[in-house]
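So this block is query-v7.txt, compact mmCIF, C-alpha atoms:
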# COMPACT_ATOMS: atom_id res chain seq x y z
CA MET A 1 0.35 -25.67 7.40
CA THR A 2 -2.44 -28.24 7.82
CA GLU A 3 -1.67 -31.94 8.17
CA SER A 4 -2.25 -32.24 4.47
CA GLY A 5 0.42 -29.56 3.92
CA LYS A 6 -2.06 -27.15 2.36
CA PRO A 7 -1.64 -23.41 2.78
CA ILE A 8 -4.03 -21.83 5.27
CA LEU A 9 -5.75 -18.55 4.48
CA TYR A 10 -7.19 -16.48 7.31
CA SER A 11 -10.00 -14.65 5.60
CA TYR A 12 -13.27 -12.80 6.09
CA PHE A 13 -15.86 -13.35 3.38
CA ARG A 14 -16.49 -9.66 2.81
CA SER A 15 -12.95 -8.35 3.29
CA SER A 16 -11.77 -6.91 0.00
CA CYS A 17 -8.14 -7.52 0.97
CA SER A 18 -8.90 -11.19 1.60
CA TRP A 19 -10.72 -11.43 -1.73
CA ARG A 20 -7.62 -10.20 -3.59
CA VAL A 21 -5.59 -13.09 -2.19
CA ARG A 22 -8.37 -15.63 -2.78
CA ILE A 23 -8.38 -14.64 -6.47
CA ALA A 24 -4.59 -14.98 -6.71
CA LEU A 25 -4.71 -18.46 -5.15
CA ALA A 26 -7.53 -19.46 -7.50
CA LEU A 27 -5.78 -18.13 -10.62
CA LYS A 28 -2.62 -19.98 -9.70
CA GLY A 29 -4.54 -23.17 -8.98
CA ILE A 30 -3.30 -23.34 -5.39
CA ASP A 31 -5.44 -25.49 -3.13
CA TYR A 32 -5.82 -24.05 0.38
CA GLU A 33 -7.82 -24.22 3.56
CA THR A 34 -9.79 -21.26 4.87
CA VAL A 35 -9.88 -20.29 8.52
CA PRO A 36 -12.61 -17.66 8.74
CA ILE A 37 -11.92 -14.67 10.96
CA ASN A 38 -15.15 -12.81 11.67
CA LEU A 39 -14.32 -9.15 11.99
CA ILE A 40 -17.55 -8.36 13.81
CA LYS A 41 -18.53 -11.33 15.99
CA ASP A 42 -17.19 -11.65 19.54
CA GLY A 43 -15.99 -8.06 19.39
CA GLY A 44 -13.97 -8.98 16.32
CA GLN A 45 -12.08 -12.28 16.12
CA GLN A 46 -9.06 -10.46 14.66
CA PHE A 47 -8.39 -9.20 18.20
CA SER A 48 -7.97 -12.67 19.69
CA LYS A 49 -4.60 -13.47 21.25
CA ASP A 50 -4.02 -16.28 18.78
CA PHE A 51 -4.71 -14.23 15.72
CA GLN A 52 -2.70 -11.29 17.00
CA ALA A 53 0.30 -13.60 17.34
CA LEU A 54 -0.20 -14.53 13.70
CA ASN A 55 -0.69 -10.99 12.45
CA PRO A 56 0.18 -8.20 14.89
CA MET A 57 -1.73 -5.75 12.69
CA LYS A 58 -4.88 -7.70 13.62
CA GLN A 59 -6.14 -7.69 10.05
CA VAL A 60 -7.07 -10.19 7.40
CA PRO A 61 -5.82 -11.71 5.24
CA ALA A 62 -2.89 -13.73 6.52
CA LEU A 63 -1.50 -16.75 4.67
CA LYS A 64 0.42 -19.65 6.19
CA ILE A 65 2.46 -21.17 3.39
CA ASP A 66 5.83 -22.90 2.97
CA GLY A 67 6.49 -22.70 6.70
CA ILE A 68 5.99 -18.95 7.01
CA THR A 69 3.10 -16.57 7.66
CA ILE A 70 2.68 -13.56 5.42
CA HIS A 71 0.25 -10.70 5.77
CA GLN A 72 -0.45 -7.56 3.71
CA SER A 73 -2.34 -8.77 0.65
CA LEU A 74 0.07 -7.42 -1.98
CA ALA A 75 3.10 -8.89 -0.21
CA ILE A 76 1.28 -12.24 -0.23
CA ILE A 77 0.46 -11.94 -3.93
CA GLU A 78 4.03 -10.96 -4.87
CA TYR A 79 5.30 -14.01 -2.91
CA LEU A 80 2.89 -16.29 -4.75
CA GLU A 81 4.03 -14.73 -8.02
CA GLU A 82 7.69 -15.35 -7.24
CA THR A 83 7.25 -18.92 -6.02
CA ARG A 84 4.45 -20.09 -8.33
CA PRO A 85 5.17 -18.02 -11.43
CA THR A 86 2.51 -19.42 -13.74
CA PRO A 87 0.14 -18.15 -14.77
CA ARG A 88 1.68 -14.68 -14.44
CA LEU A 89 0.01 -11.98 -12.35
CA LEU A 90 2.57 -9.36 -13.32
CA PRO A 91 3.69 -8.63 -16.90
CA GLN A 92 7.29 -9.14 -17.90
CA ASP A 93 8.03 -5.58 -18.97
CA PRO A 94 9.23 -3.38 -16.05
CA LYS A 95 7.21 -0.37 -17.23
CA LYS A 96 4.01 -2.40 -17.37
CA ARG A 97 4.88 -3.93 -13.98
CA ALA A 98 5.18 -0.40 -12.64
CA SER A 99 1.68 0.38 -13.93
CA VAL A 100 0.29 -2.76 -12.29
CA ARG A 101 1.92 -1.92 -8.96
CA MET A 102 0.91 1.72 -9.18
CA ILE A 103 -2.74 0.83 -9.66
CA SER A 104 -2.59 -1.89 -6.98
CA ASP A 105 -0.97 0.50 -4.48
CA LEU A 106 -3.47 3.24 -5.30
CA ILE A 107 -6.30 0.92 -4.34
CA ALA A 108 -4.62 -1.05 -1.55
CA GLY A 109 -2.86 1.92 0.01
CA GLY A 110 -4.80 4.93 -1.17
CA ILE A 111 -8.44 3.88 -0.98
CA GLN A 112 -9.11 0.75 1.07
CA PRO A 113 -7.24 1.68 4.29
CA LEU A 114 -9.29 4.86 4.49
CA GLN A 115 -12.58 2.94 4.44
CA ASN A 116 -11.77 -0.18 6.37
CA LEU A 117 -13.71 -1.26 9.46
CA SER A 118 -11.39 0.11 12.12
CA VAL A 119 -11.14 3.55 10.54
CA LEU A 120 -14.89 3.76 10.07
CA LYS A 121 -15.34 2.84 13.73
CA GLN A 122 -13.14 5.81 14.68
CA VAL A 123 -14.98 8.15 12.35
CA GLY A 124 -18.25 7.25 14.02
CA GLU A 125 -21.61 6.11 12.72
CA GLU A 126 -22.87 9.54 11.75
CA PHE A 127 -20.07 10.26 9.30
CA GLN A 128 -19.12 6.76 8.18
CA LEU A 129 -20.95 6.68 4.88
CA THR A 130 -19.75 10.08 3.67
CA TRP A 131 -16.19 9.33 4.80
CA ALA A 132 -16.08 6.02 2.97
CA GLN A 133 -17.67 7.53 -0.14
CA ASN A 134 -15.12 10.35 -0.19
CA ALA A 135 -12.22 7.94 0.04
CA ILE A 136 -13.55 5.83 -2.79
CA ILE A 137 -14.62 8.74 -5.00
CA SER A 138 -11.21 10.47 -4.73
CA GLY A 139 -9.47 7.22 -5.57
CA PHE A 140 -11.81 6.25 -8.38
CA ASN A 141 -11.59 9.72 -9.97
CA ALA A 142 -7.83 9.22 -10.18
CA LEU A 143 -8.03 5.58 -11.21
CA GLU A 144 -10.50 6.25 -14.04
CA GLN A 145 -7.99 8.77 -15.44
CA ILE A 146 -5.01 6.45 -15.09
CA LEU A 147 -6.81 3.56 -16.75
CA GLN A 148 -7.25 5.69 -19.89
CA SER A 149 -3.58 5.10 -20.64
CA THR A 150 -2.99 1.65 -19.17
CA ALA A 151 -6.12 -0.37 -19.85
CA GLY A 152 -6.80 -2.87 -22.57
CA THR A 153 -9.26 -5.62 -21.85
CA TYR A 154 -8.20 -5.34 -18.23
CA CYS A 155 -6.48 -2.74 -16.06
CA VAL A 156 -3.09 -3.06 -17.71
CA GLY A 157 -3.24 -4.43 -21.22
CA ASP A 158 -5.10 -7.59 -22.09
CA GLU A 159 -3.98 -10.00 -19.39
CA VAL A 160 -5.34 -10.28 -15.86
CA THR A 161 -2.84 -8.79 -13.40
CA MET A 162 -2.54 -7.98 -9.70
CA ALA A 163 -4.22 -4.63 -10.48
CA ASP A 164 -7.40 -6.46 -11.50
CA LEU A 165 -7.32 -8.47 -8.27
CA CYS A 166 -7.45 -5.14 -6.43
CA LEU A 167 -10.06 -3.53 -8.67
CA VAL A 168 -12.95 -5.97 -8.39
CA PRO A 169 -13.07 -6.11 -4.58
CA GLN A 170 -12.81 -2.33 -4.39
CA VAL A 171 -15.74 -1.90 -6.78
CA ALA A 172 -17.72 -4.27 -4.55
CA ASN A 173 -16.90 -2.00 -1.61
CA ALA A 174 -17.93 1.03 -3.63
CA GLU A 175 -21.29 -0.56 -4.29
CA ARG A 176 -21.76 -1.38 -0.60
CA PHE A 177 -21.15 2.29 0.21
CA LYS A 178 -23.58 3.38 -2.51
CA VAL A 179 -20.99 5.07 -4.75
CA ASP A 180 -22.39 5.63 -8.24
CA CYS A 181 -20.01 3.59 -10.35
CA THR A 182 -21.64 4.57 -13.65
CA LEU A 183 -19.51 7.72 -13.23
CA TYR A 184 -16.50 5.49 -13.87
CA PRO A 185 -17.15 3.78 -17.22
CA THR A 186 -13.67 2.29 -17.62
CA ILE A 187 -13.60 0.92 -14.07
CA SER A 188 -17.13 -0.44 -14.53
CA SER A 189 -16.51 -2.19 -17.82
CA ILE A 190 -13.26 -3.78 -16.68
CA ASN A 191 -15.00 -4.91 -13.49
CA LYS A 192 -17.80 -6.49 -15.52
CA ARG A 193 -15.34 -8.40 -17.72
CA LEU A 194 -13.43 -9.69 -14.72
CA LEU A 195 -16.50 -10.81 -12.80
CA VAL A 196 -17.38 -13.45 -15.39
CA LEU A 197 -14.01 -15.16 -14.99
CA GLU A 198 -14.10 -18.32 -12.89
CA ALA A 199 -11.41 -17.23 -10.41
CA PHE A 200 -13.42 -14.11 -9.58
CA GLN A 201 -16.65 -16.10 -9.33
CA VAL A 202 -15.57 -18.93 -7.01
CA THR A 203 -13.81 -16.49 -4.66
CA HIS A 204 -16.73 -14.05 -4.50
CA PRO A 205 -17.85 -13.01 -0.98
CA CYS A 206 -21.24 -14.63 -1.66
CA ARG A 207 -19.64 -18.09 -2.00
CA GLN A 208 -17.26 -18.35 0.95
CA PRO A 209 -17.25 -20.89 3.81
CA ASP A 210 -18.18 -18.07 6.19
CA THR A 211 -20.76 -16.31 4.02
CA PRO A 212 -23.92 -15.82 6.11
CA THR A 213 -26.90 -17.77 4.75
CA GLU A 214 -28.86 -14.66 3.87
CA LEU A 215 -26.00 -13.39 1.68
CA ARG A 216 -25.19 -16.65 -0.08
CA ALA A 217 -25.42 -16.80 -3.83
CA VAL B 218 13.58 17.65 -20.56
CA GLU B 219 11.08 15.41 -22.32
CA ALA B 220 9.63 12.94 -19.81
CA GLY B 221 12.94 12.45 -18.03
CA PHE B 222 14.88 10.82 -20.84
CA HIS B 223 18.07 12.45 -19.65
CA HIS B 224 17.75 13.08 -15.96
CA PRO B 225 14.91 11.61 -14.00
CA ILE B 226 12.66 14.25 -12.44
CA LEU B 227 11.29 13.74 -8.95
CA TYR B 228 8.24 15.68 -7.81
CA SER B 229 8.78 15.87 -4.08
CA TYR B 230 7.89 17.75 -0.90
CA PHE B 231 10.70 18.09 1.61
CA ARG B 232 8.64 16.78 4.51
CA SER B 233 6.64 14.10 2.71
CA SER B 234 7.65 10.71 4.08
CA CYS B 235 6.57 9.06 0.82
CA SER B 236 8.86 11.38 -1.14
CA TRP B 237 11.70 10.69 1.28
CA ARG B 238 11.43 6.93 0.62
CA VAL B 239 12.03 7.48 -3.07
CA ARG B 240 14.83 9.99 -2.46
CA ILE B 241 16.62 7.37 -0.39
CA ALA B 242 16.18 4.71 -3.07
CA LEU B 243 17.58 7.06 -5.73
CA ALA B 244 20.50 7.97 -3.48
CA LEU B 245 21.28 4.35 -2.60
CA LYS B 246 21.27 3.42 -6.27
CA GLY B 247 23.42 6.41 -7.22
CA ILE B 248 20.80 7.79 -9.59
CA ASP B 249 21.22 11.48 -10.33
CA TYR B 250 17.93 13.36 -10.61
CA GLU B 251 16.30 16.76 -10.66
CA THR B 252 13.81 17.80 -7.97
CA VAL B 253 10.66 19.71 -8.77
CA PRO B 254 9.31 20.76 -5.38
CA ILE B 255 5.56 20.50 -4.90
CA ASN B 256 4.50 22.48 -1.84
CA LEU B 257 1.54 20.71 -0.29
CA ILE B 258 0.47 23.77 1.67
CA LYS B 259 1.28 26.91 -0.35
CA ASP B 260 -1.21 28.26 -2.86
CA GLY B 261 -3.89 25.98 -1.42
CA GLY B 262 -1.59 23.05 -2.16
CA GLN B 263 0.41 22.86 -5.39
CA GLN B 264 -0.54 19.20 -5.76
CA PHE B 265 -3.98 20.42 -6.84
CA SER B 266 -2.69 22.36 -9.85
CA LYS B 267 -3.95 21.30 -13.27
CA ASP B 268 -0.44 20.46 -14.41
CA PHE B 269 0.38 18.26 -11.47
CA GLN B 270 -2.99 16.55 -11.56
CA ALA B 271 -2.29 15.55 -15.17
CA LEU B 272 0.96 14.02 -13.96
CA ASN B 273 -0.55 12.24 -10.95
CA PRO B 274 -4.34 12.10 -10.81
CA MET B 275 -4.12 11.14 -7.13
CA LYS B 276 -2.68 14.61 -6.52
CA GLN B 277 0.03 13.29 -4.24
CA VAL B 278 3.78 13.26 -4.07
CA PRO B 279 6.04 11.64 -5.01
CA ALA B 280 5.91 11.17 -8.75
CA LEU B 281 8.95 10.22 -10.82
CA LYS B 282 9.52 10.93 -14.51
CA ILE B 283 12.04 8.38 -15.73
CA ASP B 284 12.79 6.45 -18.93
CA GLY B 285 9.96 8.17 -20.77
CA ILE B 286 7.24 7.32 -18.24
CA THR B 287 5.78 8.81 -15.08
CA ILE B 288 5.30 6.59 -12.05
CA HIS B 289 3.63 7.40 -8.77
CA GLN B 290 3.02 5.45 -5.56
CA SER B 291 6.37 5.34 -3.76
CA LEU B 292 6.70 1.56 -3.54
CA ALA B 293 5.81 1.08 -7.22
CA ILE B 294 8.55 3.59 -8.03
CA ILE B 295 11.05 1.79 -5.80
CA GLU B 296 10.23 -1.63 -7.28
CA TYR B 297 10.72 -0.17 -10.78
CA LEU B 298 14.11 1.24 -9.78
CA GLU B 299 15.01 -2.16 -8.31
CA GLU B 300 14.08 -3.98 -11.51
CA THR B 301 15.84 -1.58 -13.86
CA ARG B 302 18.85 -0.59 -11.75
CA PRO B 303 19.37 -3.77 -9.75
CA THR B 304 22.52 -2.78 -7.85
CA PRO B 305 22.87 -2.24 -5.05
CA ARG B 306 19.90 -4.43 -4.13
CA LEU B 307 16.98 -3.02 -2.17
CA LEU B 308 15.27 -6.38 -1.93
CA PRO B 309 16.95 -9.60 -0.80
CA GLN B 310 17.15 -12.52 -3.21
CA ASP B 311 15.26 -15.06 -1.12
CA PRO B 312 11.48 -14.94 -1.76
CA LYS B 313 10.63 -15.41 1.93
CA LYS B 314 12.85 -12.49 2.92
CA ARG B 315 11.41 -10.47 0.05
CA ALA B 316 7.95 -11.20 1.47
CA SER B 317 9.09 -9.85 4.87
CA VAL B 318 10.44 -6.70 3.24
CA ARG B 319 7.23 -6.10 1.31
CA MET B 320 5.07 -6.92 4.32
CA ILE B 321 6.84 -4.32 6.44
CA SER B 322 6.86 -1.76 3.62
CA ASP B 323 3.15 -2.26 2.98
CA LEU B 324 2.37 -2.06 6.70
CA ILE B 325 3.98 1.38 6.84
CA ALA B 326 3.05 2.66 3.38
CA GLY B 327 -0.47 1.25 3.34
CA GLY B 328 -1.33 0.72 6.99
CA ILE B 329 0.09 3.77 8.77
CA GLN B 330 1.00 6.65 6.48
CA PRO B 331 -2.28 7.01 4.52
CA LEU B 332 -4.16 7.36 7.79
CA GLN B 333 -2.05 10.30 8.90
CA ASN B 334 -1.37 12.13 5.66
CA LEU B 335 -2.33 15.77 5.09
CA SER B 336 -5.61 15.26 3.26
CA VAL B 337 -6.98 12.82 5.83
CA LEU B 338 -5.94 15.04 8.72
CA LYS B 339 -7.71 17.94 7.02
CA GLN B 340 -10.92 15.90 6.97
CA VAL B 341 -10.52 14.84 10.58
CA GLY B 342 -10.32 18.48 11.60
CA GLU B 343 -7.86 20.45 13.71
CA GLU B 344 -9.28 19.43 17.08
CA PHE B 345 -8.74 15.71 16.59
CA GLN B 346 -5.77 15.69 14.21
CA LEU B 347 -3.03 14.99 16.71
CA THR B 348 -4.86 12.14 18.46
CA TRP B 349 -5.91 10.64 15.15
CA ALA B 350 -2.38 10.69 13.76
CA GLN B 351 -0.95 9.32 16.99
CA ASN B 352 -3.46 6.45 17.00
CA ALA B 353 -2.58 5.50 13.44
CA ILE B 354 1.12 5.51 14.21
CA ILE B 355 0.81 3.77 17.58
CA SER B 356 -1.34 0.93 16.18
CA GLY B 357 1.12 0.43 13.36
CA PHE B 358 4.23 0.70 15.48
CA ASN B 359 2.84 -1.75 18.06
CA ALA B 360 2.49 -4.28 15.25
CA LEU B 361 5.78 -3.40 13.60
CA GLU B 362 7.79 -3.68 16.83
CA GLN B 363 6.44 -7.23 17.20
CA ILE B 364 7.15 -8.18 13.59
CA LEU B 365 10.70 -6.86 13.72
CA GLN B 366 11.44 -9.28 16.59
CA SER B 367 11.54 -12.05 14.01
CA THR B 368 12.81 -10.25 10.91
CA ALA B 369 15.36 -7.72 12.08
CA GLY B 370 19.12 -7.97 12.03
CA THR B 371 21.08 -4.75 11.76
CA TYR B 372 18.14 -3.37 9.82
CA CYS B 373 14.48 -4.21 9.35
CA VAL B 374 15.08 -7.46 7.49
CA GLY B 375 18.45 -9.00 8.13
CA ASP B 376 21.61 -7.00 7.77
CA GLU B 377 21.15 -5.22 4.45
CA VAL B 378 19.25 -2.00 3.98
CA SER B 379 16.05 -2.80 2.18
CA CYS B 380 12.84 -1.22 1.07
CA PRO B 381 11.26 -0.33 4.37
CA GLN B 382 12.46 3.01 5.51
CA VAL B 383 11.23 3.57 8.96
CA PHE B 384 10.61 7.13 9.83
CA LEU B 385 9.90 8.20 13.31
CA TYR B 386 7.11 10.68 13.37
CA TYR B 387 8.51 13.08 15.90
CA ARG B 388 6.16 15.66 14.51
CA PHE B 389 3.20 13.85 15.98
CA LYS B 390 4.86 13.46 19.37
CA VAL B 391 4.67 9.69 19.41
CA ASP B 392 6.81 8.34 22.24
CA CYS B 393 9.21 6.21 20.26
CA THR B 394 11.06 4.93 23.33
CA LEU B 395 8.14 2.50 23.53
CA TYR B 396 9.52 0.89 20.37
CA PRO B 397 13.14 -0.07 21.10
CA THR B 398 13.66 -2.15 17.96
CA ILE B 399 12.16 0.47 15.66
CA SER B 400 14.19 3.17 17.41
CA SER B 401 17.52 1.38 17.23
CA ILE B 402 17.12 0.43 13.58
CA ASN B 403 16.10 3.99 12.79
CA LYS B 404 19.19 5.30 14.59
CA ARG B 405 21.48 3.01 12.56
CA LEU B 406 19.84 4.01 9.30
CA LEU B 407 19.99 7.73 9.96
CA VAL B 408 23.80 7.74 10.00
CA LEU B 409 24.01 6.27 6.50
CA GLU B 410 24.82 8.79 3.79
CA ALA B 411 21.79 8.06 1.63
CA PHE B 412 19.50 8.80 4.58
CA GLN B 413 21.44 11.94 5.49
CA VAL B 414 21.58 13.66 2.10
CA THR B 415 17.90 12.96 1.45
CA HIS B 416 16.73 14.14 4.87
CA PRO B 417 13.86 16.67 4.89
CA CYS B 418 16.18 19.21 6.50
CA ARG B 419 18.46 19.24 3.42
CA GLN B 420 16.12 19.49 0.46
CA PRO B 421 15.92 22.20 -2.22
CA ASP B 422 12.52 23.19 -0.79
CA THR B 423 13.36 22.99 2.91
CA PRO B 424 12.30 26.29 4.53
CA THR B 425 15.22 28.27 5.95
CA GLU B 426 14.09 27.90 9.54
CA LEU B 427 14.09 24.08 9.21
CA ARG B 428 17.37 23.71 7.37
CA ALA B 429 20.12 21.61 8.93
Take the structure in this file and express it as structure tokens.
Amino acid sequence: MTESGKPILYSYFRSSCSWRVRIALALKGIDYETVPINLIKDGGQQFSKDFQALNPMKQVPALKIDGITIHQSLAIIEYLEETRPTPRLLPQDPKKRASVRMISDLIAGGIQPLQNLSVLKQVGEEFQLTWAQNAIISGFNALEQILQSTAGTYCVGDEVTMADLCLVPQVANAERFKVDCTLYPTISSINKRLLVLEAFQVTHPCRQPDTPTELRA
Amino acid sequence: VEAGFHHPILYSYFRSSCSWRVRIALALKGIDYETVPINLIKDGGQQFSKDFQALNPMKQVPALKIDGITIHQSLAIIEYLEETRPTPRLLPQDPKKRASVRMISDLIAGGIQPLQNLSVLKQVGEEFQLTWAQNAIISGFNALEQILQSTAGTYCVGDEVSCPQVFLYYRFKVDCTLYPTISSINKRLLVLEAFQVTHPCRQPDTPTELRA
């Protein structure tokens, strides 16, 4: 914790996993300090000894809060939900909670890890784009189908949930990898509705402390 | 049986680590269920059938039909079981310990396994598959071994069995003696009944030559 006692978020402006947590903190009105971890500069600041001690997986985000350090974005969000329960990020009904977690896990476990920086490095420059596109397209094909039965205004019903926190950053990734999102009308329309909400705006990669000048909003 | 109103139905592959997680949760909670085996290799992969795709558009196991709904994603299934059949607990009561449990579960389920599952290995190609899988596991286990230094008691988080089920990927020839904490916890877990009866070597779809 900082001297002021504020939580500290280790984040990269463009990391979709970091963005999920930034949205959760914003929605819950939790004031925090950002320590930017540049995944590219200096060979990748996530590989520094200090950061590795904080998160042995050498990934962002990590959150220092209440005397502990948590990593894995969904574990962080569930902790925030349990300790700062309003406004809710998970519905009350167990079946709806299952839908929220299912969609969140599909994105956070089934799509994003397959197109993150370190995997793309291993795949190699020549195949990176196709690899990332395949990961996203497979996931979005499934997600578009699933949302037919779960979605209302947002991914699950009409309240913003953890699933929505996962959706928006993943759509941003899809756009970066030139995936045609018009093929996914439900995903696209939910994404559009979410992007106008303040919590999604202020936490956007284009408005972070470490956003490069040329990418700033 | 209509959408598992009577007995839950688990779509599972004997060797799928994700399926095994859910089998253990069901066993620990004493939930009786029916298995519908989905062979990920036969017939070009039964997960690609029209019927199964309607059930789980991600075309992956496990999927669980229970209480009139179908859930997939192993950890979402386990959290649902925890919320609707709360005893015995699979998550501690304290939020900080719950965070540790979820962190470790997500590290394995989101940070290791997806990188070495069948469909990714197919894309990587036969020549590089083993190295690729080993790298995924080694990176993850290096991190996990460190994390367990601060969380582990008898098991991954304290002294009660919780969500993270740590499976040693002998199949990929990862030298697990490099991970003493992971190895000893795994050893302790494997003697528990719920881990025994749900083991890949004892499933309805275990091939004869791999049966215990």
Between atom CA of B:Asn256 and atom CA of B:Arg238, measure the distance and give it in Å to one decimal. 17.2 Å
Around (-0.2, -23.7, -7.3) in the file's own coordinates, what residues are found within 9 Å if you use all atoms listed in the file, given back as a list in words? Leu25, Ala26, Leu27, Lys28, Gly29, Ile30, Asp31, Leu80, Thr83, Arg84, Pro85 and Thr86 of chain A
Return as a tab-separated table the residues of chain B lying at most 9 Å from chain A, together with the closest atom-to-atom pair for each and the distance in Å to one decimal, counting only C-alpha atoms, with rows in chain order and ascending residue number.
residue	atom	partner	partner_atom	distance
B:Gln270	CA	A:Ala142	CA	8.9
B:Ala271	CA	A:Gln145	CA	8.9
B:Asn273	CA	A:Ala142	CA	7.9
B:Pro274	CA	A:Ala142	CA	4.6
B:Met275	CA	A:Ala142	CA	5.2
B:Lys276	CA	A:Ala142	CA	8.3
B:Asp284	CA	A:Lys95	CA	9.0
B:Ile286	CA	A:Lys95	CA	7.8
B:Ile288	CA	A:Ala98	CA	7.0
B:His289	CA	A:Met102	CA	6.3
B:Gln290	CA	A:Met102	CA	5.6
B:Ser291	CA	A:Met102	CA	8.5
B:Leu292	CA	A:Asp105	CA	7.8
B:Ala293	CA	A:Arg101	CA	5.2
B:Ile294	CA	A:Ala98	CA	7.0
B:Glu296	CA	A:Ala98	CA	7.5
B:Tyr297	CA	A:Ala98	CA	5.8
B:Glu300	CA	A:Pro94	CA	6.7
B:Thr301	CA	A:Pro94	CA	7.2
B:Pro312	CA	A:Tyr79	CA	6.4
B:Lys313	CA	A:Tyr79	CA	7.3
B:Arg315	CA	A:Tyr79	CA	7.7
B:Ala316	CA	A:Ala75	CA	5.6
B:Ser317	CA	A:Ile70	CA	7.4
B:Val318	CA	A:Ala75	CA	8.4
B:Arg319	CA	A:Ala75	CA	5.2
B:Met320	CA	A:Ala75	CA	5.3
B:Ile321	CA	A:Gln72	CA	8.4
B:Ser322	CA	A:Ala75	CA	8.9
B:Asp323	CA	A:Gln72	CA	6.4
B:Leu324	CA	A:Gln72	CA	6.9
B:Ala326	CA	A:Gly109	CA	6.8
B:Gly327	CA	A:Gly109	CA	4.2
B:Gly328	CA	A:Pro113	CA	6.6
B:Ile329	CA	A:Pro113	CA	8.8
B:Gln330	CA	A:Gly109	CA	8.9
B:Pro331	CA	A:Gly110	CA	6.6
B:Leu332	CA	A:Leu114	CA	6.6
B:Val337	CA	A:Leu114	CA	8.4
B:Gln340	CA	A:Trp131	CA	8.7
B:Val341	CA	A:Val123	CA	8.2
B:Trp349	CA	A:Gln122	CA	8.7
B:Ser356	CA	A:Met57	CA	7.5
B:Gly357	CA	A:Met57	CA	6.8
B:Asn359	CA	A:Pro56	CA	7.7
B:Ala360	CA	A:Pro56	CA	4.6
B:Leu361	CA	A:Pro56	CA	7.5
B:Gln363	CA	A:Pro56	CA	6.7
B:Ile364	CA	A:Pro56	CA	7.1
Please, what distance in Å, to one decimal, runs between atom CA of A:Ile136 and atom CA of A:Cys181? 10.2 Å
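For the residues B:Thr304, B:Asn334, B:Ser401, B:Gln277, ranking by smallest atom-to-atom distance to B:Lys246 using all atoms listed in the file places B:Thr304 first.
Of the residues under consideration (A:Leu9, A:Leu90, A:Ala132, A:Ala199), A:Ala199 shows the shortest atom-to-atom contact distance to A:Val168 when counting all atoms listed in the file.
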What does the structure give for the distance between atom CA of A:Ala217 and atom CA of A:Arg22, in Å to one decimal? 17.1 Å
Using only C-alpha atoms, which of the listed residues (B:Glu362, B:Thr425, B:Thr415, B:Asp376) sits closest to B:Tyr396?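 Closest to B:Tyr396 of all the choices is B:Glu362.
Nearest residue to B:Leu347, choosing from B:Asp311, B:Ile255, B:Gln263, B:Lys390 and counting all atoms listed in the file: B:Lys390.
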Judged by all atoms listed in the file, the minimum distance to B:Pro305 among B:Glu251, B:Glu377, B:Asp268, B:Glu426 is found for B:Glu377
So that I can check the surroundings of B:Asp392, please list as a ChimeraX atom specification every protein, DNA and RNA residue that reaches within 12 Å of it, counting all atoms listed in the file and ignoring chain neighbours fewer than 6 positions away. /B:351-352,354-355,358-359,385-386,399-400
How would you write as a ChimeraX atom specification the residues that get within 12 Å of (-13.6, -10.3, 4.0) in the file's frame, counting all atoms listed in the file? /A:9-22,34-40,46,59-62,73,116-117,169-170,172-173,203-212
Spatial neighbours of B:Ala242, 12 Å, all atoms listed in the file, chain gap at least 6 places, as an NGL selection string: :B and (227 or 235-236 or 248-250 or 281 or 291-299 or 302-308 or 378-382 or 410-412 or 414-415)
